[in-house]
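Written below as structure tokens is the structure these notes are about.
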Amino acid sequence: MSSRIEHIPAFESLQAQIEGDLQPVRPLATTRWLVGFLVFFVPISGTWLWWTRGLRGDYESLGGTWLWGLSAVELVLGTLLLIWILREAIPGRSLSWQGMQGMAATGLGLHVVITLATFAKSPLIVPDGMQWMYGLYCFRFEVVLGSLCLLFTLWLSRRGLTTRPRRVGLLGGLGAGLTADAIWRLLCPYSDLGHAFGAHMSGILTVVLGGLAAAFVWEGWRAKAWRSRSSQP
């Protein structure tokens, strides 16, 4: 079969074009870039936020397990999602649709469990009339932290041959959002479920939507570049 294909004129023309377009490329960035970024980003951003805003007031009531331990679990899962997304930049190593659904459900489910566990251990309610103020406050910081992680992950993925940018945007946004929440929950003084699901969860989902929006822009840019190259004589 392969010998018959090789003598088809259209195939020979395509093969000649590919051979003539071969150029040296930079090596694909490995996951070490992402891990290195997080190794610096998480402690630096966490230390800066702790220095300027202080650790959450109920840290003694929560103890090490519910405060540091749960944040560490959420941080690890967020990092694993970001690392896994880099597989999409390598042809033939894409994540299946079922696998993507499972990882997304696991990430969101973990956030729900951590939120409920924190509230059960230390049920601090946002004062009346302050819900919107504290909600926007936490929402803003989670989106900023998550967006920084997401942008770096998208930059790494763009250097490869990502065939499904929307998957990168979806899971990359979720991983970045969980990473941001793992940092910010160390400082947020309230475990109110309405606040946690209204501000923190919406911050995570906003980063996810931002990832999807970036993916659509990415796809549009690639389609435009392809049409431009195709139109050239």
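In the structure tokens, chains take letters A, B, ... by order of appearance, with residues numbered from 1 within each chain and ligands from 1 in the order shown.
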>> List as a PyMOL selection string the protein and nucleic acid residues near Gly46 (chain A), meaning an atom at most 9 Å away when only C-alpha atoms are counted, but skip any in the same chain fewer than 5 places from it.
In response: chain A and resi 41+51+183-184+186-187
>> Which residues are close to Thr118 (chain A), i.e. within 7 Å by only C-alpha atoms, leaving aside same-chain residues fewer than 4 positions away? Reply as number ranges by chain.
In response: A: 66, 114, 122, 191
Prev. selection, N, CA and C atoms, output as a PDB file, in the first residue's frame:
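Listed below is the output, selection19.pdb:
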```
ATOM      1  N   TRP A  66      -5.719  21.017  58.159  1.00  0.00           N
ATOM      2  CA  TRP A  66      -6.792  21.684  57.423  1.00  0.00           C
ATOM      3  C   TRP A  66      -6.332  22.955  56.723  1.00  0.00           C
ATOM      4  N   ILE A 114     -12.623  20.321  49.866  1.00  0.00           N
ATOM      5  CA  ILE A 114     -11.777  21.188  50.695  1.00  0.00           C
ATOM      6  C   ILE A 114     -12.608  22.314  51.300  1.00  0.00           C
ATOM      7  N   SER A 122     -13.833  25.109  60.811  1.00  0.00           N
ATOM      8  CA  SER A 122     -13.841  26.484  61.314  1.00  0.00           C
ATOM      9  C   SER A 122     -14.884  27.290  60.563  1.00  0.00           C
ATOM     10  N   SER A 191     -14.649  31.074  55.898  1.00  0.00           N
ATOM     11  CA  SER A 191     -14.948  29.772  55.309  1.00  0.00           C
ATOM     12  C   SER A 191     -16.421  29.642  54.963  1.00  0.00           C
TER      13      SER A 191
END
```
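Rounded to one decimal, CA of Thr153 (chain A) and CA of Val168 (chain A) lie 8.7 Å from each other.
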> Do you know which residues are at most 12 Å from Leu108 (chain A) counting only C-alpha atoms, after dropping those on the same chain fewer than 6 positions away, and could you put them as a ChimeraX atom specification?
Replying inline: /A:74,77-78,81,101-102,114-115,171,173-175,177-178,181,197,200-202,204-205,208
Keeping only C-alpha atoms, take the residues you just selected and write them out as an mmCIF file, in the first residue's frame.
```
data_model
loop_
_atom_site.group_PDB
_atom_site.id
_atom_site.type_symbol
_atom_site.label_atom_id
_atom_site.label_comp_id
_atom_site.auth_asym_id
_atom_site.auth_seq_id
_atom_site.Cartn_x
_atom_site.Cartn_y
_atom_site.Cartn_z
ATOM 1 C CA GLU A 74 -5.041 21.351 46.025
ATOM 2 C CA LEU A 77 -3.580 18.568 41.831
ATOM 3 C CA GLY A 78 -3.491 21.969 40.133
ATOM 4 C CA LEU A 81 -3.284 19.358 35.660
ATOM 5 C CA GLN A 101 -13.791 14.890 31.878
ATOM 6 C CA GLY A 102 -12.452 12.756 34.708
ATOM 7 C CA ILE A 114 -11.777 21.188 50.695
ATOM 8 C CA THR A 115 -14.368 23.952 51.011
ATOM 9 C CA LEU A 171 -7.810 22.061 31.839
ATOM 10 C CA GLY A 173 -7.543 27.189 33.323
ATOM 11 C CA LEU A 174 -8.775 24.695 35.902
ATOM 12 C CA GLY A 175 -5.259 23.782 37.000
ATOM 13 C CA GLY A 177 -7.448 28.262 39.151
ATOM 14 C CA LEU A 178 -6.861 25.488 41.681
ATOM 15 C CA ASP A 181 -7.081 28.971 45.266
ATOM 16 C CA PHE A 197 -18.596 28.994 46.361
ATOM 17 C CA HIS A 200 -13.548 31.378 45.206
ATOM 18 C CA MET A 201 -15.323 28.957 42.894
ATOM 19 C CA SER A 202 -16.324 31.775 40.550
ATOM 20 C CA ILE A 204 -11.606 29.413 39.404
ATOM 21 C CA LEU A 205 -14.325 29.218 36.740
ATOM 22 C CA VAL A 208 -11.254 28.478 33.072
#
```
> Can you tell me, as a PyMOL selection string, what residues are no more than 9 Å from Gly57 (chain A) when counting only C-alpha atoms, ignoring any on the same chain fewer than 5 positions away?
Replying inline: chain A and resi 187-190
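Using only C-alpha atoms, the smallest distance between any of A:Gly210, A:Gly198, A:Gly109, A:Gly36 and Phe139 (chain A) comes from A:Gly198.
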